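Text of target-v2.pdb (PDB, N, CA and C atoms, pLDDT in the B column) as supplied:
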```
MODEL        1
ATOM      1  N   MET A   1    -162.656 -52.174-129.386  1.00 61.00           N
ATOM      2  CA  MET A   1    -162.465 -53.396-130.132  1.00 61.00           C
ATOM      3  C   MET A   1    -161.076 -53.436-130.766  1.00 61.00           C
ATOM      4  N   SER A   2    -160.590 -52.299-131.173  1.00 75.00           N
ATOM      5  CA  SER A   2    -159.278 -52.232-131.801  1.00 75.00           C
ATOM      6  C   SER A   2    -158.182 -52.642-130.828  1.00 75.00           C
ATOM      7  N   ASN A   3    -158.309 -52.212-129.553  1.00 79.00           N
ATOM      8  CA  ASN A   3    -157.316 -52.567-128.546  1.00 79.00           C
ATOM      9  C   ASN A   3    -157.289 -54.059-128.303  1.00 79.00           C
ATOM     10  N   LEU A   4    -158.457 -54.677-128.237  1.00 80.00           N
ATOM     11  CA  LEU A   4    -158.541 -56.111-128.003  1.00 80.00           C
ATOM     12  C   LEU A   4    -157.891 -56.876-129.144  1.00 80.00           C
ATOM     13  N   LYS A   5    -158.102 -56.420-130.370  1.00 81.00           N
ATOM     14  CA  LYS A   5    -157.510 -57.076-131.528  1.00 81.00           C
ATOM     15  C   LYS A   5    -155.992 -56.946-131.517  1.00 81.00           C
ATOM     16  N   SER A   6    -155.491 -55.776-131.153  1.00 79.00           N
ATOM     17  CA  SER A   6    -154.040 -55.578-131.125  1.00 79.00           C
ATOM     18  C   SER A   6    -153.396 -56.371-129.988  1.00 79.00           C
ATOM     19  N   ILE A   7    -154.088 -56.510-128.864  1.00 75.00           N
ATOM     20  CA  ILE A   7    -153.556 -57.311-127.765  1.00 75.00           C
ATOM     21  C   ILE A   7    -153.498 -58.780-128.163  1.00 75.00           C
ATOM     22  N   LYS A   8    -154.546 -59.255-128.824  1.00 76.00           N
ATOM     23  CA  LYS A   8    -154.584 -60.647-129.282  1.00 76.00           C
ATOM     24  C   LYS A   8    -153.470 -60.907-130.294  1.00 76.00           C
ATOM     25  N   GLN A   9    -153.249 -59.952-131.194  1.00 75.00           N
ATOM     26  CA  GLN A   9    -152.186 -60.096-132.185  1.00 75.00           C
ATOM     27  C   GLN A   9    -150.820 -60.112-131.502  1.00 75.00           C
ATOM     28  N   PHE A  10    -150.645 -59.288-130.480  1.00 71.00           N
ATOM     29  CA  PHE A  10    -149.386 -59.246-129.742  1.00 71.00           C
ATOM     30  C   PHE A  10    -149.106 -60.579-129.065  1.00 71.00           C
ATOM     31  N   LEU A  11    -150.145 -61.201-128.489  1.00 69.00           N
ATOM     32  CA  LEU A  11    -149.965 -62.472-127.805  1.00 69.00           C
ATOM     33  C   LEU A  11    -149.656 -63.609-128.773  1.00 69.00           C
ATOM     34  N   VAL A  12    -150.161 -63.511-130.002  1.00 71.00           N
ATOM     35  CA  VAL A  12    -149.949 -64.569-130.988  1.00 71.00           C
ATOM     36  C   VAL A  12    -148.583 -64.428-131.664  1.00 71.00           C
ATOM     37  N   GLU A  13    -148.016 -63.223-131.674  1.00 69.00           N
ATOM     38  CA  GLU A  13    -146.737 -62.975-132.324  1.00 69.00           C
ATOM     39  C   GLU A  13    -145.658 -63.886-131.769  1.00 69.00           C
ATOM     40  N   GLU A  14    -144.772 -64.322-132.637  1.00 64.00           N
ATOM     41  CA  GLU A  14    -143.676 -65.178-132.217  1.00 64.00           C
ATOM     42  C   GLU A  14    -142.339 -64.456-132.271  1.00 64.00           C
ATOM     43  N   ASP A  15    -142.373 -63.154-132.432  1.00 60.00           N
ATOM     44  CA  ASP A  15    -141.137 -62.385-132.507  1.00 60.00           C
ATOM     45  C   ASP A  15    -140.564 -62.076-131.124  1.00 60.00           C
ATOM     46  N   GLY A  16    -141.381 -62.208-130.083  1.00 63.00           N
ATOM     47  CA  GLY A  16    -140.945 -61.867-128.729  1.00 63.00           C
ATOM     48  C   GLY A  16    -140.011 -62.914-128.151  1.00 63.00           C
ATOM     49  N   MET A  17    -139.617 -62.689-126.909  1.00 65.00           N
ATOM     50  CA  MET A  17    -138.731 -63.624-126.236  1.00 65.00           C
ATOM     51  C   MET A  17    -139.452 -64.944-125.995  1.00 65.00           C
ATOM     52  N   GLY A  18    -138.730 -66.014-126.137  1.00 80.00           N
ATOM     53  CA  GLY A  18    -139.295 -67.331-125.907  1.00 80.00           C
ATOM     54  C   GLY A  18    -139.268 -67.697-124.441  1.00 80.00           C
ATOM     55  N   THR A  19    -139.919 -68.782-124.142  1.00 81.00           N
ATOM     56  CA  THR A  19    -139.995 -69.253-122.759  1.00 81.00           C
ATOM     57  C   THR A  19    -138.619 -69.608-122.219  1.00 81.00           C
ATOM     58  N   VAL A  20    -137.783 -70.181-123.057  1.00 81.00           N
ATOM     59  CA  VAL A  20    -136.448 -70.593-122.610  1.00 81.00           C
ATOM     60  C   VAL A  20    -135.630 -69.384-122.174  1.00 81.00           C
ATOM     61  N   GLU A  21    -135.716 -68.306-122.922  1.00 86.00           N
ATOM     62  CA  GLU A  21    -134.961 -67.113-122.556  1.00 86.00           C
ATOM     63  C   GLU A  21    -135.437 -66.535-121.235  1.00 86.00           C
ATOM     64  N   VAL A  22    -136.744 -66.512-121.029  1.00 87.00           N
ATOM     65  CA  VAL A  22    -137.294 -65.984-119.774  1.00 87.00           C
ATOM     66  C   VAL A  22    -136.846 -66.854-118.606  1.00 87.00           C
ATOM     67  N   ILE A  23    -136.888 -68.171-118.779  1.00 90.00           N
ATOM     68  CA  ILE A  23    -136.462 -69.082-117.708  1.00 90.00           C
ATOM     69  C   ILE A  23    -134.980 -68.899-117.406  1.00 90.00           C
ATOM     70  N   LEU A  24    -134.155 -68.729-118.436  1.00 92.00           N
ATOM     71  CA  LEU A  24    -132.722 -68.509-118.210  1.00 92.00           C
ATOM     72  C   LEU A  24    -132.462 -67.216-117.457  1.00 92.00           C
ATOM     73  N   ILE A  25    -133.184 -66.162-117.782  1.00 94.00           N
ATOM     74  CA  ILE A  25    -133.018 -64.894-117.070  1.00 94.00           C
ATOM     75  C   ILE A  25    -133.404 -65.060-115.600  1.00 94.00           C
ATOM     76  N   ILE A  26    -134.502 -65.759-115.340  1.00 95.00           N
ATOM     77  CA  ILE A  26    -134.934 -65.983-113.955  1.00 95.00           C
ATOM     78  C   ILE A  26    -133.897 -66.799-113.194  1.00 95.00           C
ATOM     79  N   VAL A  27    -133.341 -67.824-113.829  1.00 96.00           N
ATOM     80  CA  VAL A  27    -132.325 -68.659-113.170  1.00 96.00           C
ATOM     81  C   VAL A  27    -131.088 -67.838-112.830  1.00 96.00           C
ATOM     82  N   VAL A  28    -130.670 -66.976-113.746  1.00 97.00           N
ATOM     83  CA  VAL A  28    -129.494 -66.136-113.484  1.00 97.00           C
ATOM     84  C   VAL A  28    -129.774 -65.171-112.340  1.00 97.00           C
ATOM     85  N   LEU A  29    -130.960 -64.561-112.317  1.00 96.00           N
ATOM     86  CA  LEU A  29    -131.294 -63.629-111.234  1.00 96.00           C
ATOM     87  C   LEU A  29    -131.342 -64.331-109.888  1.00 96.00           C
ATOM     88  N   VAL A  30    -131.949 -65.512-109.844  1.00 96.00           N
ATOM     89  CA  VAL A  30    -132.010 -66.260-108.583  1.00 96.00           C
ATOM     90  C   VAL A  30    -130.599 -66.647-108.140  1.00 96.00           C
ATOM     91  N   GLY A  31    -129.759 -67.043-109.070  1.00 96.00           N
ATOM     92  CA  GLY A  31    -128.376 -67.371-108.733  1.00 96.00           C
ATOM     93  C   GLY A  31    -127.632 -66.183-108.162  1.00 96.00           C
ATOM     94  N   LEU A  32    -127.813 -65.007-108.760  1.00 95.00           N
ATOM     95  CA  LEU A  32    -127.146 -63.810-108.242  1.00 95.00           C
ATOM     96  C   LEU A  32    -127.629 -63.470-106.836  1.00 95.00           C
ATOM     97  N   VAL A  33    -128.933 -63.630-106.605  1.00 94.00           N
ATOM     98  CA  VAL A  33    -129.463 -63.349-105.269  1.00 94.00           C
ATOM     99  C   VAL A  33    -128.879 -64.318-104.264  1.00 94.00           C
ATOM    100  N   LEU A  34    -128.757 -65.593-104.615  1.00 95.00           N
ATOM    101  CA  LEU A  34    -128.193 -66.571-103.685  1.00 95.00           C
ATOM    102  C   LEU A  34    -126.716 -66.303-103.414  1.00 95.00           C
ATOM    103  N   ILE A  35    -125.982 -65.891-104.444  1.00 96.00           N
ATOM    104  CA  ILE A  35    -124.553 -65.620-104.264  1.00 96.00           C
ATOM    105  C   ILE A  35    -124.332 -64.392-103.382  1.00 96.00           C
ATOM    106  N   PHE A  36    -125.105 -63.326-103.620  1.00 96.00           N
ATOM    107  CA  PHE A  36    -124.892 -62.068-102.915  1.00 96.00           C
ATOM    108  C   PHE A  36    -125.915 -61.828-101.807  1.00 96.00           C
ATOM    109  N   LYS A  37    -126.463 -62.909-101.247  1.00 95.00           N
ATOM    110  CA  LYS A  37    -127.513 -62.797-100.233  1.00 95.00           C
ATOM    111  C   LYS A  37    -127.061 -61.992 -99.013  1.00 95.00           C
ATOM    112  N   ASP A  38    -125.875 -62.285 -98.502  1.00 95.00           N
ATOM    113  CA  ASP A  38    -125.387 -61.585 -97.300  1.00 95.00           C
ATOM    114  C   ASP A  38    -125.183 -60.098 -97.562  1.00 95.00           C
ATOM    115  N   GLN A  39    -124.601 -59.756 -98.713  1.00 96.00           N
ATOM    116  CA  GLN A  39    -124.376 -58.356 -99.037  1.00 96.00           C
ATOM    117  C   GLN A  39    -125.698 -57.614 -99.226  1.00 96.00           C
ATOM    118  N   ILE A  40    -126.652 -58.249 -99.894  1.00 94.00           N
ATOM    119  CA  ILE A  40    -127.956 -57.614-100.106  1.00 94.00           C
ATOM    120  C   ILE A  40    -128.652 -57.390 -98.772  1.00 94.00           C
ATOM    121  N   THR A  41    -128.588 -58.383 -97.891  1.00 95.00           N
ATOM    122  CA  THR A  41    -129.228 -58.267 -96.576  1.00 95.00           C
ATOM    123  C   THR A  41    -128.617 -57.134 -95.765  1.00 95.00           C
ATOM    124  N   SER A  42    -127.298 -57.024 -95.774  1.00 96.00           N
ATOM    125  CA  SER A  42    -126.661 -55.955 -95.000  1.00 96.00           C
ATOM    126  C   SER A  42    -126.992 -54.576 -95.563  1.00 96.00           C
ATOM    127  N   ILE A  43    -127.058 -54.452 -96.875  1.00 96.00           N
ATOM    128  CA  ILE A  43    -127.401 -53.162 -97.483  1.00 96.00           C
ATOM    129  C   ILE A  43    -128.833 -52.771 -97.130  1.00 96.00           C
ATOM    130  N   VAL A  44    -129.772 -53.736 -97.232  1.00 96.00           N
ATOM    131  CA  VAL A  44    -131.169 -53.437 -96.921  1.00 96.00           C
ATOM    132  C   VAL A  44    -131.325 -53.072 -95.450  1.00 96.00           C
ATOM    133  N   ASN A  45    -130.660 -53.801 -94.561  1.00 96.00           N
ATOM    134  CA  ASN A  45    -130.739 -53.483 -93.131  1.00 96.00           C
ATOM    135  C   ASN A  45    -130.167 -52.100 -92.846  1.00 96.00           C
ATOM    136  N   SER A  46    -129.087 -51.748 -93.516  1.00 96.00           N
ATOM    137  CA  SER A  46    -128.488 -50.427 -93.333  1.00 96.00           C
ATOM    138  C   SER A  46    -129.441 -49.327 -93.792  1.00 96.00           C
ATOM    139  N   ILE A  47    -130.072 -49.537 -94.923  1.00 96.00           N
ATOM    140  CA  ILE A  47    -131.011 -48.541 -95.445  1.00 96.00           C
ATOM    141  C   ILE A  47    -132.192 -48.370 -94.501  1.00 96.00           C
ATOM    142  N   PHE A  48    -132.746 -49.495 -94.006  1.00 94.00           N
ATOM    143  CA  PHE A  48    -133.898 -49.403 -93.107  1.00 94.00           C
ATOM    144  C   PHE A  48    -133.526 -48.762 -91.769  1.00 94.00           C
ATOM    145  N   SER A  49    -132.326 -49.017 -91.288  1.00 94.00           N
ATOM    146  CA  SER A  49    -131.923 -48.381 -90.023  1.00 94.00           C
ATOM    147  C   SER A  49    -131.767 -46.868 -90.214  1.00 94.00           C
ATOM    148  N   LYS A  50    -131.244 -46.443 -91.358  1.00 93.00           N
ATOM    149  CA  LYS A  50    -131.133 -45.009 -91.641  1.00 93.00           C
ATOM    150  C   LYS A  50    -132.510 -44.373 -91.756  1.00 93.00           C
ATOM    151  N   ILE A  51    -133.431 -45.086 -92.399  1.00 92.00           N
ATOM    152  CA  ILE A  51    -134.798 -44.550 -92.555  1.00 92.00           C
ATOM    153  C   ILE A  51    -135.457 -44.380 -91.199  1.00 92.00           C
ATOM    154  N   THR A  52    -135.356 -45.379 -90.338  1.00 90.00           N
ATOM    155  CA  THR A  52    -136.013 -45.287 -89.028  1.00 90.00           C
ATOM    156  C   THR A  52    -135.353 -44.230 -88.142  1.00 90.00           C
ATOM    157  N   SER A  53    -134.025 -44.096 -88.231  1.00 90.00           N
ATOM    158  CA  SER A  53    -133.364 -43.081 -87.409  1.00 90.00           C
ATOM    159  C   SER A  53    -133.717 -41.674 -87.875  1.00 90.00           C
ATOM    160  N   GLN A  54    -133.886 -41.490 -89.188  1.00 89.00           N
ATOM    161  CA  GLN A  54    -134.209 -40.161 -89.692  1.00 89.00           C
ATOM    162  C   GLN A  54    -135.689 -39.821 -89.534  1.00 89.00           C
ATOM    163  N   THR A  55    -136.562 -40.821 -89.484  1.00 88.00           N
ATOM    164  CA  THR A  55    -137.971 -40.515 -89.253  1.00 88.00           C
ATOM    165  C   THR A  55    -138.220 -40.107 -87.810  1.00 88.00           C
ATOM    166  N   ASN A  56    -137.384 -40.556 -86.903  1.00 76.00           N
ATOM    167  CA  ASN A  56    -137.525 -40.138 -85.506  1.00 76.00           C
ATOM    168  C   ASN A  56    -137.162 -38.668 -85.331  1.00 76.00           C
ATOM    169  N   LYS A  57    -136.335 -38.125 -86.204  1.00 79.00           N
ATOM    170  CA  LYS A  57    -135.925 -36.725 -86.139  1.00 79.00           C
ATOM    171  C   LYS A  57    -137.051 -35.800 -86.613  1.00 79.00           C
ATOM    172  N   VAL A  58    -137.903 -36.297 -87.472  1.00 69.00           N
ATOM    173  CA  VAL A  58    -139.002 -35.482 -88.021  1.00 69.00           C
ATOM    174  C   VAL A  58    -140.086 -35.479 -87.043  1.00 69.00           C
TER     175      VAL A  58
ENDMDL
END
```

Can the structure from this file be put into structure tokens for me?
Amino acid sequence: MSNLKSIKQFLVEEDGMGTVEVILIIVVLVGLVLIFKDQITSIVNSIFSKITSQTNKV
């Protein structure tokens, strides 16, 4: 019962980040992904190719 009360109190607290801040962080992250999409794709493809080549050796 104590845990439920503390969780409810945590959800009611207004000291945490507001909705606007969370939305702004998400917008910035999505913008960064769109800007660096090609670089991220090439890095991920490189990592996966290394993983598959090294698993064939095992």

- Task: From a DSSP pass on the backbone, collect the residues of chain A flagged as alpha helix (DSSP H) and hand them back as a PyMOL selection string.
- Result: chain A and resi 2-12+19-35+37-57

Output file for the selection above: N, CA and C atoms, as a short mmCIF file (atom, residue, chain, number, x, y, z; two decimals), keeping the file's coordinate frame:
```
data_model
loop_
_atom_site.label_atom_id
_atom_site.label_comp_id
_atom_site.auth_asym_id
_atom_site.auth_seq_id
_atom_site.Cartn_x
_atom_site.Cartn_y
_atom_site.Cartn_z
N SER A 2 -160.59 -52.30 -131.17
CA SER A 2 -159.28 -52.23 -131.80
C SER A 2 -158.18 -52.64 -130.83
N ASN A 3 -158.31 -52.21 -129.55
CA ASN A 3 -157.32 -52.57 -128.55
C ASN A 3 -157.29 -54.06 -128.30
N LEU A 4 -158.46 -54.68 -128.24
CA LEU A 4 -158.54 -56.11 -128.00
C LEU A 4 -157.89 -56.88 -129.14
N LYS A 5 -158.10 -56.42 -130.37
CA LYS A 5 -157.51 -57.08 -131.53
C LYS A 5 -155.99 -56.95 -131.52
N SER A 6 -155.49 -55.78 -131.15
CA SER A 6 -154.04 -55.58 -131.12
C SER A 6 -153.40 -56.37 -129.99
N ILE A 7 -154.09 -56.51 -128.86
CA ILE A 7 -153.56 -57.31 -127.76
C ILE A 7 -153.50 -58.78 -128.16
N LYS A 8 -154.55 -59.26 -128.82
CA LYS A 8 -154.58 -60.65 -129.28
C LYS A 8 -153.47 -60.91 -130.29
N GLN A 9 -153.25 -59.95 -131.19
CA GLN A 9 -152.19 -60.10 -132.18
C GLN A 9 -150.82 -60.11 -131.50
N PHE A 10 -150.65 -59.29 -130.48
CA PHE A 10 -149.39 -59.25 -129.74
C PHE A 10 -149.11 -60.58 -129.06
N LEU A 11 -150.15 -61.20 -128.49
CA LEU A 11 -149.96 -62.47 -127.80
C LEU A 11 -149.66 -63.61 -128.77
N VAL A 12 -150.16 -63.51 -130.00
CA VAL A 12 -149.95 -64.57 -130.99
C VAL A 12 -148.58 -64.43 -131.66
N THR A 19 -139.92 -68.78 -124.14
CA THR A 19 -140.00 -69.25 -122.76
C THR A 19 -138.62 -69.61 -122.22
N VAL A 20 -137.78 -70.18 -123.06
CA VAL A 20 -136.45 -70.59 -122.61
C VAL A 20 -135.63 -69.38 -122.17
N GLU A 21 -135.72 -68.31 -122.92
CA GLU A 21 -134.96 -67.11 -122.56
C GLU A 21 -135.44 -66.54 -121.24
N VAL A 22 -136.74 -66.51 -121.03
CA VAL A 22 -137.29 -65.98 -119.77
C VAL A 22 -136.85 -66.85 -118.61
N ILE A 23 -136.89 -68.17 -118.78
CA ILE A 23 -136.46 -69.08 -117.71
C ILE A 23 -134.98 -68.90 -117.41
N LEU A 24 -134.16 -68.73 -118.44
CA LEU A 24 -132.72 -68.51 -118.21
C LEU A 24 -132.46 -67.22 -117.46
N ILE A 25 -133.18 -66.16 -117.78
CA ILE A 25 -133.02 -64.89 -117.07
C ILE A 25 -133.40 -65.06 -115.60
N ILE A 26 -134.50 -65.76 -115.34
CA ILE A 26 -134.93 -65.98 -113.96
C ILE A 26 -133.90 -66.80 -113.19
N VAL A 27 -133.34 -67.82 -113.83
CA VAL A 27 -132.32 -68.66 -113.17
C VAL A 27 -131.09 -67.84 -112.83
N VAL A 28 -130.67 -66.98 -113.75
CA VAL A 28 -129.49 -66.14 -113.48
C VAL A 28 -129.77 -65.17 -112.34
N LEU A 29 -130.96 -64.56 -112.32
CA LEU A 29 -131.29 -63.63 -111.23
C LEU A 29 -131.34 -64.33 -109.89
N VAL A 30 -131.95 -65.51 -109.84
CA VAL A 30 -132.01 -66.26 -108.58
C VAL A 30 -130.60 -66.65 -108.14
N GLY A 31 -129.76 -67.04 -109.07
CA GLY A 31 -128.38 -67.37 -108.73
C GLY A 31 -127.63 -66.18 -108.16
N LEU A 32 -127.81 -65.01 -108.76
CA LEU A 32 -127.15 -63.81 -108.24
C LEU A 32 -127.63 -63.47 -106.84
N VAL A 33 -128.93 -63.63 -106.60
CA VAL A 33 -129.46 -63.35 -105.27
C VAL A 33 -128.88 -64.32 -104.26
N LEU A 34 -128.76 -65.59 -104.62
CA LEU A 34 -128.19 -66.57 -103.68
C LEU A 34 -126.72 -66.30 -103.41
N ILE A 35 -125.98 -65.89 -104.44
CA ILE A 35 -124.55 -65.62 -104.26
C ILE A 35 -124.33 -64.39 -103.38
N LYS A 37 -126.46 -62.91 -101.25
CA LYS A 37 -127.51 -62.80 -100.23
C LYS A 37 -127.06 -61.99 -99.01
N ASP A 38 -125.88 -62.28 -98.50
CA ASP A 38 -125.39 -61.58 -97.30
C ASP A 38 -125.18 -60.10 -97.56
N GLN A 39 -124.60 -59.76 -98.71
CA GLN A 39 -124.38 -58.36 -99.04
C GLN A 39 -125.70 -57.61 -99.23
N ILE A 40 -126.65 -58.25 -99.89
CA ILE A 40 -127.96 -57.61 -100.11
C ILE A 40 -128.65 -57.39 -98.77
N THR A 41 -128.59 -58.38 -97.89
CA THR A 41 -129.23 -58.27 -96.58
C THR A 41 -128.62 -57.13 -95.76
N SER A 42 -127.30 -57.02 -95.77
CA SER A 42 -126.66 -55.96 -95.00
C SER A 42 -126.99 -54.58 -95.56
N ILE A 43 -127.06 -54.45 -96.88
CA ILE A 43 -127.40 -53.16 -97.48
C ILE A 43 -128.83 -52.77 -97.13
N VAL A 44 -129.77 -53.74 -97.23
CA VAL A 44 -131.17 -53.44 -96.92
C VAL A 44 -131.32 -53.07 -95.45
N ASN A 45 -130.66 -53.80 -94.56
CA ASN A 45 -130.74 -53.48 -93.13
C ASN A 45 -130.17 -52.10 -92.85
N SER A 46 -129.09 -51.75 -93.52
CA SER A 46 -128.49 -50.43 -93.33
C SER A 46 -129.44 -49.33 -93.79
N ILE A 47 -130.07 -49.54 -94.92
CA ILE A 47 -131.01 -48.54 -95.44
C ILE A 47 -132.19 -48.37 -94.50
N PHE A 48 -132.75 -49.50 -94.01
CA PHE A 48 -133.90 -49.40 -93.11
C PHE A 48 -133.53 -48.76 -91.77
N SER A 49 -132.33 -49.02 -91.29
CA SER A 49 -131.92 -48.38 -90.02
C SER A 49 -131.77 -46.87 -90.21
N LYS A 50 -131.24 -46.44 -91.36
CA LYS A 50 -131.13 -45.01 -91.64
C LYS A 50 -132.51 -44.37 -91.76
N ILE A 51 -133.43 -45.09 -92.40
CA ILE A 51 -134.80 -44.55 -92.56
C ILE A 51 -135.46 -44.38 -91.20
N THR A 52 -135.36 -45.38 -90.34
CA THR A 52 -136.01 -45.29 -89.03
C THR A 52 -135.35 -44.23 -88.14
N SER A 53 -134.02 -44.10 -88.23
CA SER A 53 -133.36 -43.08 -87.41
C SER A 53 -133.72 -41.67 -87.88
N GLN A 54 -133.89 -41.49 -89.19
CA GLN A 54 -134.21 -40.16 -89.69
C GLN A 54 -135.69 -39.82 -89.53
N THR A 55 -136.56 -40.82 -89.48
CA THR A 55 -137.97 -40.52 -89.25
C THR A 55 -138.22 -40.11 -87.81
N ASN A 56 -137.38 -40.56 -86.90
CA ASN A 56 -137.52 -40.14 -85.51
C ASN A 56 -137.16 -38.67 -85.33
N LYS A 57 -136.34 -38.12 -86.20
CA LYS A 57 -135.93 -36.72 -86.14
C LYS A 57 -137.05 -35.80 -86.61
#
```

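Here atom CA of A:Thr55 stands at a distance of 23.3 Å from atom C of A:Gln39.
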
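A straight-line distance of 16.0 Å separates atom C of A:Thr41 from atom N of A:Ser53.
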
- Can you work out the spacing between atom C of A:Ile7 and atom CA of A:Val27 in Å, to one decimal? 27.8 Å
